Each structure stands twice: as C-alpha cells, then as structure tokens.
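Data from work21.cif: mmCIF, C-alpha atoms and all ligand atoms
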```cif
data_run
#
loop_
_atom_site.label_atom_id
_atom_site.label_comp_id
_atom_site.auth_asym_id
_atom_site.auth_seq_id
_atom_site.Cartn_x
_atom_site.Cartn_y
_atom_site.Cartn_z
CA MET A 6 -49.28 -67.26 -54.07
CA ALA A 7 -51.22 -68.86 -51.21
CA PRO A 8 -51.40 -66.68 -48.07
CA MET A 9 -49.28 -67.81 -45.10
CA SER A 10 -52.35 -68.62 -43.10
CA ALA A 11 -55.36 -69.92 -45.00
CA PRO A 12 -58.24 -71.02 -42.78
CA VAL A 13 -60.50 -73.74 -44.11
CA ASN A 14 -63.60 -71.87 -45.22
CA SER A 15 -66.01 -74.69 -45.74
CA ASP A 16 -68.91 -75.08 -43.28
CA ARG A 17 -68.34 -78.77 -43.26
CA PRO A 18 -67.11 -80.08 -39.87
CA PHE A 19 -63.76 -81.84 -39.85
CA LEU A 20 -65.01 -84.92 -38.01
CA ASN A 21 -67.07 -87.02 -40.39
CA ARG A 22 -70.67 -88.03 -39.81
CA ARG A 23 -69.78 -91.60 -38.88
CA LEU A 24 -67.72 -90.43 -35.92
CA ALA A 25 -69.46 -87.16 -35.02
CA ALA A 26 -71.23 -88.70 -32.04
CA PHE A 27 -67.96 -89.94 -30.53
CA GLY A 28 -66.12 -86.82 -29.32
CA THR A 29 -63.66 -87.72 -26.59
CA THR A 30 -64.11 -90.68 -24.31
CA ILE A 31 -65.42 -90.24 -20.79
CA PHE A 32 -62.11 -91.68 -19.54
CA ALA A 33 -60.17 -88.67 -20.83
CA GLU A 34 -62.53 -86.27 -19.06
CA MET A 35 -62.59 -88.18 -15.78
CA SER A 36 -58.85 -88.95 -15.67
CA ALA A 37 -58.10 -85.25 -16.29
CA LEU A 38 -60.50 -84.40 -13.46
CA ALA A 39 -58.72 -86.90 -11.19
CA ALA A 40 -55.33 -85.33 -11.96
CA ARG A 41 -56.60 -81.75 -11.51
CA THR A 42 -58.25 -82.43 -8.15
CA GLY A 43 -55.72 -84.93 -6.79
CA SER A 44 -58.49 -87.52 -6.55
CA ILE A 45 -58.17 -91.29 -6.31
CA ASN A 46 -58.93 -92.58 -9.77
CA LEU A 47 -61.31 -95.52 -9.65
CA GLY A 48 -62.51 -94.49 -13.10
CA GLN A 49 -60.28 -95.89 -15.79
CA GLY A 50 -59.65 -99.64 -15.51
CA PHE A 51 -55.91 -99.97 -15.33
CA PRO A 52 -53.97 -101.58 -12.46
CA ASP A 53 -51.73 -99.36 -10.32
CA THR A 54 -49.22 -102.22 -9.91
CA ASP A 55 -47.30 -103.79 -12.78
CA GLY A 56 -47.49 -107.49 -13.63
CA PRO A 57 -44.91 -110.18 -12.73
CA ALA A 58 -41.30 -108.92 -12.53
CA GLU A 59 -39.99 -111.94 -14.45
CA ILE A 60 -42.28 -111.09 -17.35
CA ALA A 61 -41.03 -107.49 -17.37
CA GLU A 62 -37.50 -108.94 -17.36
CA ALA A 63 -38.41 -111.14 -20.33
CA ALA A 64 -39.38 -108.01 -22.27
CA VAL A 65 -36.08 -106.31 -21.36
CA ARG A 66 -34.18 -109.44 -22.38
CA ALA A 67 -35.98 -109.57 -25.73
CA ILE A 68 -35.01 -105.96 -26.47
CA ARG A 69 -31.37 -106.55 -25.43
CA ASP A 70 -31.19 -109.78 -27.44
CA GLY A 71 -32.54 -108.05 -30.52
CA ARG A 72 -35.76 -110.06 -30.65
CA GLY A 73 -38.73 -108.09 -31.97
CA ASN A 74 -36.94 -104.75 -32.31
CA GLN A 75 -37.69 -104.75 -36.03
CA TYR A 76 -41.10 -105.43 -37.60
CA PRO A 77 -42.24 -108.81 -36.32
CA PRO A 78 -44.10 -111.15 -38.73
CA GLY A 79 -47.60 -109.95 -39.69
CA PRO A 80 -49.49 -112.71 -37.86
CA GLY A 81 -47.31 -112.32 -34.71
CA VAL A 82 -44.09 -114.02 -33.63
CA PRO A 83 -44.32 -117.85 -33.77
CA GLU A 84 -43.45 -118.19 -30.04
CA LEU A 85 -46.48 -116.11 -29.08
CA ARG A 86 -48.85 -117.75 -31.55
CA GLU A 87 -47.83 -121.14 -30.17
CA ALA A 88 -48.32 -119.91 -26.58
CA ILE A 89 -51.80 -118.58 -27.43
CA ALA A 90 -52.79 -121.91 -29.01
CA ALA A 91 -51.38 -123.78 -25.99
CA HIS A 92 -53.34 -121.50 -23.63
CA GLN A 93 -56.63 -122.20 -25.43
CA GLN A 94 -55.89 -125.94 -25.21
CA ARG A 95 -54.77 -125.85 -21.58
CA PHE A 96 -57.69 -123.86 -20.17
CA TYR A 97 -60.54 -124.79 -22.49
CA GLY A 98 -59.55 -127.85 -24.49
CA LEU A 99 -59.85 -125.79 -27.71
CA GLY A 100 -57.41 -126.69 -30.46
CA TYR A 101 -56.19 -123.88 -32.75
CA ASP A 102 -53.43 -124.12 -35.33
CA PRO A 103 -50.85 -121.45 -34.39
CA ASP A 104 -50.01 -120.88 -38.07
CA THR A 105 -53.48 -120.42 -39.54
CA GLU A 106 -55.88 -119.87 -36.64
CA VAL A 107 -54.12 -117.31 -34.42
CA LEU A 108 -53.47 -113.62 -35.08
CA VAL A 109 -51.60 -111.24 -32.77
CA THR A 110 -52.98 -107.68 -32.63
CA ALA A 111 -52.28 -104.32 -30.98
CA GLY A 112 -54.37 -105.14 -27.93
CA ALA A 113 -57.94 -106.36 -27.97
CA THR A 114 -58.86 -102.89 -29.19
CA GLU A 115 -57.27 -103.45 -32.60
CA ALA A 116 -58.67 -106.99 -32.77
CA ILE A 117 -62.19 -105.61 -32.30
CA ALA A 118 -61.68 -102.86 -34.88
CA ALA A 119 -60.10 -105.19 -37.43
CA ALA A 120 -62.78 -107.87 -36.95
CA LEU A 121 -65.64 -105.41 -37.42
CA LEU A 122 -64.01 -103.60 -40.35
CA ALA A 123 -63.26 -106.92 -42.05
CA LEU A 124 -66.52 -108.77 -41.47
CA LEU A 125 -69.18 -106.09 -41.93
CA GLU A 126 -70.67 -104.51 -45.03
CA PRO A 127 -72.22 -101.04 -44.71
CA GLY A 128 -75.81 -101.44 -43.51
CA ASP A 129 -75.23 -104.77 -41.77
CA GLU A 130 -76.78 -104.97 -38.32
CA VAL A 131 -74.70 -105.91 -35.29
CA ILE A 132 -76.37 -106.95 -32.07
CA ALA A 133 -74.28 -106.06 -29.03
CA LEU A 134 -74.84 -106.16 -25.29
CA GLU A 135 -75.35 -102.69 -23.87
CA PRO A 136 -73.86 -101.05 -21.86
CA PHE A 137 -71.17 -101.28 -24.59
CA TYR A 138 -67.42 -101.25 -24.07
CA ASP A 139 -66.60 -97.80 -25.42
CA SER A 140 -64.88 -98.78 -28.67
CA TYR A 141 -67.70 -101.03 -29.93
CA ALA A 142 -70.12 -98.34 -31.04
CA ALA A 143 -67.36 -96.33 -32.72
CA CYS A 144 -65.97 -99.36 -34.59
CA ILE A 145 -69.42 -100.43 -35.76
CA ALA A 146 -69.90 -96.86 -37.00
CA MET A 147 -66.51 -96.84 -38.77
CA ALA A 148 -67.56 -100.02 -40.55
CA GLY A 149 -70.74 -98.22 -41.68
CA ALA A 150 -72.81 -100.85 -39.89
CA VAL A 151 -75.79 -100.41 -37.58
CA ARG A 152 -75.69 -101.24 -33.90
CA VAL A 153 -78.68 -102.92 -32.32
CA PRO A 154 -78.44 -102.95 -28.53
CA LEU A 155 -79.51 -105.84 -26.34
CA THR A 156 -79.93 -104.00 -23.07
CA LEU A 157 -78.70 -105.49 -19.81
CA ARG A 158 -80.88 -104.09 -17.03
CA ALA A 159 -80.38 -103.72 -13.30
CA PRO A 160 -80.49 -105.42 -10.89
CA ASP A 161 -79.37 -108.69 -12.53
CA PHE A 162 -78.02 -107.54 -15.91
CA ARG A 163 -78.98 -110.87 -17.53
CA PRO A 164 -79.45 -110.82 -21.31
CA ASP A 165 -83.10 -111.10 -22.35
CA LEU A 166 -82.80 -114.00 -24.77
CA ASP A 167 -86.34 -113.58 -26.15
CA ALA A 168 -85.44 -109.99 -26.95
CA LEU A 169 -82.29 -111.29 -28.65
CA ARG A 170 -84.35 -113.63 -30.82
CA ASP A 171 -86.68 -110.75 -31.74
CA ALA A 172 -83.78 -108.43 -32.52
CA ILE A 173 -82.40 -110.69 -35.25
CA THR A 174 -83.50 -109.56 -38.73
CA PRO A 175 -82.46 -110.61 -42.24
CA ARG A 176 -79.90 -107.78 -42.07
CA THR A 177 -78.24 -109.07 -38.89
CA ARG A 178 -74.73 -110.27 -39.72
CA LEU A 179 -72.96 -110.47 -36.42
CA LEU A 180 -73.35 -110.78 -32.66
CA LEU A 181 -70.79 -108.85 -30.62
CA LEU A 182 -70.50 -110.36 -27.17
CA ASN A 183 -68.44 -109.53 -24.12
CA THR A 184 -68.17 -111.99 -21.27
CA PRO A 185 -67.14 -111.36 -18.51
CA HIS A 186 -68.91 -108.08 -19.24
CA ASN A 187 -67.47 -104.63 -18.64
CA PRO A 188 -68.95 -102.59 -16.90
CA THR A 189 -71.66 -104.75 -15.26
CA GLY A 190 -69.51 -107.72 -14.18
CA THR A 191 -72.03 -110.13 -15.74
CA VAL A 192 -70.66 -113.51 -16.75
CA LEU A 193 -72.87 -115.31 -19.26
CA THR A 194 -73.86 -118.76 -17.98
CA PRO A 195 -73.39 -121.92 -20.04
CA GLU A 196 -77.20 -122.00 -20.43
CA GLU A 197 -77.31 -118.44 -21.77
CA LEU A 198 -74.40 -119.15 -24.09
CA ALA A 199 -76.20 -122.25 -25.36
CA VAL A 200 -79.20 -120.15 -26.41
CA VAL A 201 -76.93 -117.59 -28.08
CA ALA A 202 -75.15 -120.41 -29.91
CA GLU A 203 -78.41 -122.00 -31.02
CA LEU A 204 -79.63 -118.67 -32.43
CA ALA A 205 -76.30 -117.99 -34.15
CA VAL A 206 -76.41 -121.37 -35.88
CA GLU A 207 -80.12 -121.20 -36.71
CA ARG A 208 -79.84 -117.67 -38.18
CA ASP A 209 -76.35 -118.19 -39.60
CA LEU A 210 -74.67 -115.31 -37.77
CA LEU A 211 -71.02 -114.61 -37.13
CA VAL A 212 -69.98 -113.98 -33.53
CA VAL A 213 -67.20 -111.78 -32.26
CA THR A 214 -66.61 -112.38 -28.58
CA ASP A 215 -64.46 -110.17 -26.37
CA GLU A 216 -63.12 -112.30 -23.52
CA VAL A 217 -60.34 -110.07 -22.13
CA TYR A 218 -61.50 -110.80 -18.55
CA GLU A 219 -61.46 -114.58 -19.08
CA HIS A 220 -59.21 -115.06 -16.03
CA LEU A 221 -61.29 -112.81 -13.77
CA VAL A 222 -64.34 -114.93 -13.13
CA PHE A 223 -65.02 -115.15 -9.40
CA GLU A 224 -67.91 -117.60 -9.41
CA GLY A 225 -68.07 -120.65 -11.61
CA GLY A 226 -65.65 -120.49 -14.51
CA HIS A 227 -65.26 -118.92 -17.91
CA THR A 228 -66.90 -120.71 -20.84
CA PRO A 229 -65.62 -119.51 -24.20
CA LEU A 230 -68.44 -119.25 -26.69
CA ALA A 231 -66.26 -121.05 -29.24
CA SER A 232 -66.43 -124.20 -27.09
CA LEU A 233 -70.17 -124.66 -27.71
CA PRO A 234 -71.44 -126.99 -30.43
CA GLY A 235 -71.43 -125.39 -33.86
CA MET A 236 -69.68 -122.25 -32.67
CA ARG A 237 -66.00 -122.75 -33.42
CA GLU A 238 -66.68 -122.34 -37.17
CA ARG A 239 -68.39 -118.97 -36.81
CA THR A 240 -66.68 -117.39 -33.81
CA VAL A 241 -63.87 -114.86 -33.62
CA THR A 242 -62.54 -114.98 -30.05
CA ILE A 243 -60.61 -111.96 -28.82
CA SER A 244 -58.43 -111.64 -25.75
CA SER A 245 -55.40 -109.73 -24.57
CA ALA A 246 -52.48 -109.71 -22.15
CA GLY A 247 -53.34 -106.31 -20.71
CA LYS A 248 -55.89 -107.33 -18.10
CA THR A 249 -54.66 -110.86 -17.34
CA PHE A 250 -51.02 -109.91 -16.75
CA SER A 251 -51.40 -106.27 -15.63
CA PHE A 252 -49.44 -104.81 -18.53
CA THR A 253 -52.12 -102.69 -20.19
CA GLY A 254 -49.51 -100.44 -21.82
CA TRP A 255 -47.94 -103.26 -23.82
CA LYS A 256 -50.96 -103.63 -26.09
CA VAL A 257 -50.60 -107.28 -26.98
CA GLY A 258 -53.90 -108.85 -27.97
CA TRP A 259 -55.00 -111.75 -30.14
CA VAL A 260 -57.67 -113.41 -32.20
CA THR A 261 -58.38 -117.13 -32.42
CA ALA A 262 -60.74 -118.35 -35.16
CA PRO A 263 -60.85 -120.73 -38.13
CA PRO A 264 -58.44 -119.91 -40.98
CA ALA A 265 -60.91 -118.07 -43.24
CA LEU A 266 -62.02 -115.76 -40.42
CA VAL A 267 -58.45 -115.12 -39.22
CA SER A 268 -57.45 -114.37 -42.79
CA ALA A 269 -60.30 -111.84 -43.14
CA VAL A 270 -59.41 -110.11 -39.86
CA ARG A 271 -55.74 -110.03 -40.86
CA SER A 272 -56.66 -108.25 -44.11
CA ALA A 273 -58.00 -105.31 -42.09
CA LYS A 274 -55.36 -105.52 -39.34
CA GLN A 275 -52.45 -105.24 -41.78
CA PHE A 276 -53.60 -101.74 -42.79
CA LEU A 277 -54.26 -100.54 -39.23
CA THR A 278 -50.99 -101.12 -37.37
CA TYR A 279 -49.45 -103.74 -39.70
CA VAL A 280 -47.58 -105.09 -36.64
CA SER A 281 -46.87 -103.92 -33.08
CA SER A 282 -45.22 -104.59 -29.71
CA GLY A 283 -42.37 -106.79 -31.07
CA PRO A 284 -40.34 -107.49 -27.90
CA PHE A 285 -43.46 -107.58 -25.73
CA GLN A 286 -44.78 -110.44 -27.82
CA TYR A 287 -41.93 -112.66 -26.58
CA ALA A 288 -42.61 -111.66 -22.99
CA VAL A 289 -46.33 -112.38 -23.30
CA ALA A 290 -45.50 -115.82 -24.71
CA GLU A 291 -43.72 -116.50 -21.40
CA ALA A 292 -46.58 -114.99 -19.39
CA LEU A 293 -49.18 -117.27 -20.98
CA ALA A 294 -47.11 -120.27 -19.89
CA LEU A 295 -47.03 -119.19 -16.22
CA PRO A 296 -48.17 -121.97 -13.88
CA ASP A 297 -51.77 -122.21 -12.66
CA ALA A 298 -50.63 -120.68 -9.36
CA TYR A 299 -50.19 -117.31 -11.09
CA TYR A 300 -53.72 -117.29 -12.45
CA THR A 301 -55.21 -118.49 -9.16
CA ALA A 302 -53.38 -115.89 -7.07
CA PHE A 303 -54.30 -113.10 -9.52
CA ARG A 304 -57.98 -114.00 -9.26
CA ALA A 305 -57.87 -114.37 -5.46
CA ASP A 306 -56.17 -110.97 -5.07
CA LEU A 307 -58.86 -109.27 -7.13
CA ALA A 308 -61.69 -111.17 -5.41
CA ALA A 309 -60.45 -109.79 -2.06
CA LYS A 310 -60.33 -106.28 -3.53
CA ARG A 311 -63.81 -106.68 -4.91
CA ASP A 312 -65.05 -107.56 -1.43
CA LEU A 313 -63.23 -104.62 0.16
CA LEU A 314 -64.70 -102.11 -2.28
CA THR A 315 -68.15 -103.72 -2.14
CA GLU A 316 -68.18 -103.24 1.62
CA GLY A 317 -67.01 -99.63 1.36
CA LEU A 318 -69.50 -98.68 -1.32
CA THR A 319 -72.32 -100.31 0.62
CA ALA A 320 -71.26 -98.47 3.79
CA ALA A 321 -71.28 -95.22 1.80
CA GLY A 322 -74.96 -95.81 1.02
CA LEU A 323 -74.75 -97.04 -2.57
CA ARG A 324 -76.52 -100.08 -3.90
CA VAL A 325 -73.90 -102.54 -5.13
CA PHE A 326 -74.62 -104.95 -7.98
CA HIS A 327 -72.41 -107.90 -7.19
CA PRO A 328 -70.04 -108.57 -10.14
CA GLN A 329 -69.34 -112.21 -11.08
CA GLY A 330 -66.28 -111.18 -13.09
CA THR A 331 -64.04 -108.31 -14.35
CA TYR A 332 -62.46 -105.74 -12.06
CA PHE A 333 -65.41 -103.36 -11.96
CA ILE A 334 -68.35 -102.83 -9.64
CA THR A 335 -71.51 -101.18 -10.93
CA THR A 336 -73.58 -99.37 -8.33
CA ASP A 337 -76.87 -97.51 -8.17
CA ILE A 338 -76.69 -94.02 -6.67
CA SER A 339 -80.46 -93.63 -6.15
CA PRO A 340 -80.30 -94.59 -2.44
CA LEU A 341 -78.27 -91.37 -1.99
CA GLY A 342 -81.14 -89.40 -3.51
CA GLU A 343 -79.19 -88.97 -6.75
CA LYS A 344 -80.55 -89.67 -10.22
CA ASP A 345 -77.94 -88.53 -12.70
CA GLY A 346 -74.72 -90.56 -12.75
CA LEU A 347 -72.90 -88.11 -15.01
CA ALA A 348 -73.61 -85.13 -12.73
CA PHE A 349 -72.71 -87.28 -9.71
CA CYS A 350 -69.35 -88.30 -11.22
CA ARG A 351 -68.51 -84.73 -12.24
CA ALA A 352 -69.18 -83.53 -8.68
CA LEU A 353 -67.60 -86.48 -6.84
CA PRO A 354 -63.96 -85.27 -6.92
CA GLU A 355 -64.95 -81.99 -5.20
CA ARG A 356 -67.22 -83.76 -2.76
CA CYS A 357 -64.83 -86.46 -1.61
CA GLY A 358 -61.74 -86.80 -3.81
CA VAL A 359 -62.68 -89.94 -5.73
CA VAL A 360 -63.28 -90.43 -9.46
CA ALA A 361 -65.72 -92.96 -10.95
CA ILE A 362 -67.39 -93.48 -14.34
CA PRO A 363 -71.08 -92.96 -15.17
CA ASN A 364 -72.42 -96.06 -16.96
CA GLN A 365 -74.97 -94.01 -18.91
CA VAL A 366 -72.28 -93.07 -21.45
CA PHE A 367 -72.13 -96.77 -22.43
CA TYR A 368 -75.88 -96.99 -23.11
CA ASP A 369 -78.05 -95.93 -26.04
CA ASP A 370 -80.98 -96.36 -23.67
CA GLN A 371 -80.19 -93.35 -21.41
CA GLU A 372 -82.91 -94.31 -18.92
CA ALA A 373 -81.50 -97.80 -18.35
CA GLY A 374 -78.11 -96.57 -17.16
CA ALA A 375 -78.97 -93.12 -15.77
CA SER A 376 -78.29 -93.78 -12.08
CA GLN A 377 -75.45 -96.29 -12.48
CA VAL A 378 -71.83 -95.58 -11.63
CA ARG A 379 -68.83 -97.86 -12.19
CA TRP A 380 -65.86 -98.24 -9.84
CA ALA A 381 -62.60 -100.06 -10.71
CA PHE A 382 -60.99 -102.18 -7.99
CA CYS A 383 -57.72 -103.11 -9.76
CA LYS A 384 -55.87 -100.83 -7.34
CA LYS A 385 -53.58 -101.31 -4.35
CA THR A 386 -55.37 -102.34 -1.15
CA GLU A 387 -54.25 -99.16 0.63
CA VAL A 388 -55.58 -97.05 -2.24
CA LEU A 389 -58.95 -98.81 -2.05
CA ARG A 390 -58.99 -98.34 1.76
CA GLU A 391 -58.31 -94.61 1.36
CA ALA A 392 -61.03 -94.34 -1.31
CA VAL A 393 -63.50 -96.11 0.96
CA ASP A 394 -62.59 -93.71 3.80
CA ARG A 395 -63.17 -90.72 1.56
CA LEU A 396 -66.50 -92.10 0.34
CA ARG A 397 -67.81 -92.02 3.91
CA ALA A 398 -68.23 -88.26 3.35
CA LEU A 399 -71.19 -89.00 1.08
C1 LIG A 401 -59.74 -103.15 -21.63
C2 LIG A 401 -60.72 -103.74 -22.58
C3 LIG A 401 -60.40 -103.91 -23.94
C4 LIG A 401 -59.12 -103.40 -24.54
O1 LIG A 401 -58.06 -104.25 -24.37
P1 LIG A 401 -56.60 -103.83 -24.87
O2 LIG A 401 -55.88 -105.11 -24.93
O3 LIG A 401 -56.05 -102.88 -23.86
O4 LIG A 401 -56.73 -103.18 -26.20
C5 LIG A 401 -61.33 -104.52 -24.76
N1 LIG A 401 -62.51 -104.94 -24.28
C6 LIG A 401 -62.87 -104.77 -22.99
C7 LIG A 401 -64.20 -105.24 -22.53
C8 LIG A 401 -61.99 -104.15 -22.10
O5 LIG A 401 -62.37 -103.94 -20.83
#
```
Could you spell out this file's structure in structure tokens?
Ligand SMILES: *Cc1c(COP(=O)(O)O)cnc(C)c1O
Amino acid sequence: MAPMSAPVNSDRPFLNRRLAAFGTTIFAEMSALAARTGSINLGQGFPDTDGPAEIAEAAVRAIRDGRGNQYPPGPGVPELREAIAAHQQRFYGLGYDPDTEVLVTAGATEAIAAALLALLEPGDEVIALEPFYDSYAACIAMAGAVRVPLTLRAPDFRPDLDALRDAITPRTRLLLLNTPHNPTGTVLTPEELAVVAELAVERDLLVVTDEVYEHLVFEGGHTPLASLPGMRERTVTISSAGKTFSFTGWKVGWVTAPPALVSAVRSAKQFLTYVSSGPFQYAVAEALALPDAYYTAFRADLAAKRDLLTEGLTAAGLRVFHPQGTYFITTDISPLGEKDGLAFCRALPERCGVVAIPNQVFYDDQEAGASQVRWAFCKKTEVLREAVDRLRAL
C-alpha cells in the first residue's frame, strides 16, 4: 500500500526547462509590496476607474437575458465579430470578413499565446522589440522557439532598422511587434513600419502585431501594420477591449487576419480556453460601436494624466522619456544618483509610498534597461497628484 504521504523523490525540478527562467512576474512582487506598505500602485497597468456605465449595463443585461451564459461559439459571438470587423473598417479602412477573418480570444494574452503556439515550429527564430511585454518571452519559450531581441534604446527608443535587417536569418519565421509599445511609449512611424513591411515581404516572414494601445496614441495616429502594402496577407493583428474600454478584468481580445492564419490560430486557441467571457462579448460589441466622442475623450483624459505625471516625475528629479502612446511613462533614475532600477523599485515604497516597475526585467540586455523605471498613469487625477506629492521626498 502506498504511504499516506509520499514525497516526490526525483531531483528533477517541477517547472520544466522551457519555463524555468520565468518564475513569477514582477507585477506580482510589486503589487504585493504595494498592498503590504499601503503604497500608491503605479506599477501594474490597470485603470482604477471602470469603463462606461452603459457598457457595464450591457454586460448585466446580457447575463439577465441569457446571452452568453453557456459556451459561446468557438470563433466568438457573431455580434462581436461583426463589431470588430466594423471597427477595423471605421478606423483604418481595413476590410475583414467577420466569419472567416476574425477570432475572439481570452484577452490579447491568449491571442498572443495561441498565435505563437500555432505558427512556430521548435527552433524557429522570432524577432521581437525589447523591452518585451512580459508574456512574449514565455510564449516564445512554450512554443520551443528562439527569441531574438531588437533592442530599443534610450533616449529615443527607435527601432534600429539596419539591426533588424541583420537579425533576420534563414531560421527567422516571425516578427513580433508591439505598437504603441509598452513600456517605452514608442509609436512606430509610418516610415518605420514601411521598412518593417518591406523586410517582411522580402524575407517572407509572418508578423504578429500587438496593438492593444491602438486608441492611446497622443501624437499623430495609429497605423496598423496590416494596412501597409503586402502586409494584410502575412499579418496577425491582435487587440483587446481591456485597455481601450477600461475593463481589463473582462478579458475580451481578438485577432484579425486572413482565413488561413485565423484558422491556424484558432487551432491552438480551442485547446487553451476553448471559449471565454460569453456575456462580456455582447457588451464589448456595443463598446466598439461607441461614437468617436468616446474615443476622443478617453485619449484626451489620458493625455492630461500623462502631462500631470510627467511634470511630477520631472520635479522629483527623474529624467522622463516622453511617451507618444500607451499609458506608461519610462524614466531614467540616474539623475538621482541611482543605477539599479530593481533595487530602486524595491526600496521606493519604504522611501515614499509609491510603487513602480523596473524596465530591466523586460530586457535580455540587462545594461540597456538597468536604470529605467516605468510608471502607469491610468489612475484617478487625485491619485496621481498624491503620488507626485509623495515623490517630492526623493
Ligand atoms: C495589457 C497588455 C496585453 C494583455 O491584454 P489582455 O487583453 O488583458 O490580455 C497585451 N499586450 C500588451 C502590450 C499589454 O500592455
């Protein structure tokens, strides 16, 4: 008979080699620190105010009316797929067939995972902008692929397009882009996108582009990579309702791409969550159809918050790198005589009751991000004011 308690005796670690480097995310550590010290959390990027009340009501109504309470269709409910296609047409003039070219996912996070798991063979190389959004490296690893960073460097964080050209090898399968870029706030220009597109066509690469901050571009506008010549055929575009409508907990995301690519991504997606967020899908369909005034006011509100936090961080002695998009500001702490962002962020709650995120955890190149710290400004104005007050103690 087996003993009641039988410890696993093997020396082999439980976490496999593919994931061993990815313990817990920095957000867990820093949010726990914020809670323990009663600090203002400018670390994790979630809004402290919910999105439009009528959209929350639409979700309640869907639940009460019995819409989406049971497994929704695998590709997403038709109302949402049609709203996503209409959104791409309305803002970018991009036509997608809601039946064959749109896939609803459990947030952008699942879309990224499913795309990489579906499109990559073990050993394929993926070129991605670093600093990386935190799930990219882990998903590339889960796919057994190899990440090749294209490093964005202070002070401008522009992609080095010659370095991109040099980084492409016969093993490169895919470019993983993110614009507007978290955490640097970089928005790729149409000229930069044109070079990326030219290289993708010339070297026959697939592109997965994460555009969850598409409605948070403060200067110029957002250009989807799929709108460039030759790109629609090879591009998987990913977005989500979380950031645009301030409902990050609903986890409604989507993919738009040609039928063969959508079909490939769906093959992986069906074995991850199968489906998710039934009633919320109906609510997000209504959100996407909100008038332009919603989108304009949302952007203006966050632009004002960006300016408020920029001023406060500058007054506190940090060097601010002006973000063109997203709801993050990256700063350099060297003017304070500090070199190590991680040590700085671990000490910050004790020093002045504010939590931020060290960018170095998003870099393979530890030197490039060592003295950078990221601050989220998707918070109430009074919370940002209080944070700025506290930061004066630096
Ligand atoms: C927040 C975020 C995501 C995740 O989006 P969800 O819809 O919450 O899964 C993906 N990419 C970037 C760059 C993000 O900032």
Q. Hey, can you check how far CA of Arg170 (chain A) sits from CA of Val213 (chain A)?
A.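 Atom-to-atom, CA of Arg170 (chain A) to CA of Val213 (chain A), that is 17.3 Å.
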Q: Pick out the closest residue to Asp139 (chain A) from this set: A:Gly56, A:Pro264, A:Pro78, A:Pro188. Count all atoms listed in the file.
A: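 Between A:Gly56, A:Pro264, A:Pro78, A:Pro188, the residue approaching Asp139 (chain A) most closely is A:Pro188.
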Distance query Gly48 (chain A) at most 7 Å, only C-alpha atoms, self and fewer than 5 positions along chain excluded, as a PDB file with C-alpha atoms, keeping the file's coordinate frame:
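Generated file (selection10.pdb):
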```pdb
ATOM      1  CA  MET A  35     -62.590 -88.180 -15.780  1.00  0.00           C
ATOM      2  CA  VAL A 360     -63.280 -90.430  -9.460  1.00  0.00           C
ATOM      3  CA  ALA A 361     -65.720 -92.960 -10.950  1.00  0.00           C
ATOM      4  CA  ILE A 362     -67.390 -93.480 -14.340  1.00  0.00           C
ATOM      5  CA  TRP A 380     -65.860 -98.240  -9.840  1.00  0.00           C
ATOM      6  CA  ALA A 381     -62.600-100.060 -10.710  1.00  0.00           C
TER       7      ALA A 381
END
```
Q) Using all atoms listed in the file, what are the residues with an atom within 7 Å of ligand LIG 401 (chain A), set out as a list of chain:residue names? A) A:Ala111, A:Gly112, A:Ala113, A:Thr114, A:Glu115, A:Tyr138, A:Asn183, A:His186, A:Asn187, A:Asp215, A:Val217, A:Ser245, A:Ala246, A:Gly247, A:Lys248, A:Thr253, A:Lys256, A:Val257, A:Gly258
Using all atoms listed in the file, what does the table of region 133-218 of chain A residues within 7 Å of region 23-27 of chain A look like, with each row giving the shortest atom pair and its distance in Å to one decimal, sorted by chain and ascending number, as a Markdown table?
```
| residue | atom | partner | partner_atom | distance |
| --- | --- | --- | --- | --- |
| A:Ala143 | CA | A:Leu24 | CA | 6.7 |
| A:Ala146 | CA | A:Arg23 | CA | 5.6 |
| A:Met147 | CA | A:Arg23 | CA | 6.2 |
```
Q: Choose the residue, out of A:Leu318, A:Leu230, A:Val359, A:Val109, that has the smallest atom-to-atom separation from Glu197 (chain A); count only C-alpha atoms.
A: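 Nearest candidate to Glu197 (chain A) out of A:Leu318, A:Leu230, A:Val359, A:Val109: A:Leu230.
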Q: Using all atoms listed in the file, determine which residues lie at most 10 Å from Ala199 (chain A), disregarding the query and same-chain residues fewer than 4 positions distant; provide the list as a list in words.
A: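 Residues near the query, excluding close chain neighbours: Leu193, Thr194, Pro195, Glu203, Leu204, Ala205, Leu230, Leu233, Pro234 and Met236 of chain A.
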Q: Quick one: everything within 9 Å of Glu219 (chain A), counting all atoms listed in the file, minus sequence neighbours fewer than 2 positions away in the same chain. Send it as number ranges by chain.
A: A: 184-185, 216-217, 221-222, 226-229, 244, 249, 330-331
Q: With a distance cut-off of 12 Å and only C-alpha atoms, select the neighbouring residues of Asn74 (chain A), excluding the residue or stretch itself and same-chain residues fewer than 2 positions from it, and output the selection as a ChimeraX atom specification.
A: /A:64-72,76-78,82,280-287
Q) Which neighbours of Leu266 (chain A) fall inside 12 Å, counting only C-alpha atoms, when residues of the same chain fewer than 2 positions from it are skipped, and could you give them as a list in words? A)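 Here the qualifying residues turn out to be Thr105, Glu106, Val107, Leu108, Ala119, Ala120, Leu121, Ala123, Leu124, Leu211, Val212, Val213, Arg237, Glu238, Arg239, Thr240, Val241, Thr242, Val260, Thr261, Ala262, Pro263, Pro264, Ser268, Ala269, Val270, Arg271, Ser272 and Ala273 of chain A.
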Q. Looking at all atoms listed in the file, which of A:Ala292, A:Ala63, A:Cys144, A:Val13 is the one that sits closest to Ala91 (chain A)?
A.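 Counting all atoms listed in the file, the residue closest to Ala91 (chain A) is A:Ala292.
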**Q.** Length of the CA of Ala231 (chain A) to CA of Gly149 (chain A) vector [Å]
**A.** 26.4 Å
Q. What separation in Å, quoted to one decimal, exists between CA of Val366 (chain A) and CA of Ala133 (chain A)?
A.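 Straight-line distance from CA of Val366 (chain A) to CA of Ala133 (chain A) works out to 15.2 Å.
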Q) Hey, which of A:Trp259, A:Leu198, A:Pro363, A:Asp53 ends up closest to Ala90 (chain A)? Count all atoms listed in the file. A) A:Trp259
Q. Using all atoms listed in the file, can you list as a VMD selection string the residues within 7 Å of (-74.7, -106.2, -35.7)?
A. chain A and resid 129 to 133 151 to 153 177 to 181
Q.
For a quick check of understanding, using all atoms listed in the file, which of A:Thr278, A:Thr156, A:Ser10, A:Thr214 has the smallest distance to Leu169 (chain A)?
A.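 Once distances to Leu169 (chain A) are computed over all atoms listed in the file, the minimum belongs to A:Thr156.
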Q. Restricting the calculation to all atoms listed in the file, which member of A:Pro18, A:Leu47, A:Glu135, A:Asp165 is positioned closest to Gly358 (chain A)?
A.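 Looking only at the distances to Gly358 (chain A), the closest residue turns out to be A:Leu47.
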Q | Cut-off 12 Å around (-65.7, -83.7, -4.8) with all atoms listed in the file: residues as a list in words | A |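 These residues have at least one counted atom within 12 Å: Leu38, Ala39, Arg41, Thr42, Gly43, Ser44, Ile45, Ala348, Phe349, Cys350, Arg351, Ala352, Leu353, Pro354, Glu355, Arg356, Cys357, Gly358, Val359, Val360, Ala361, Arg395, Leu396, Ala398 and Leu399 of chain A.
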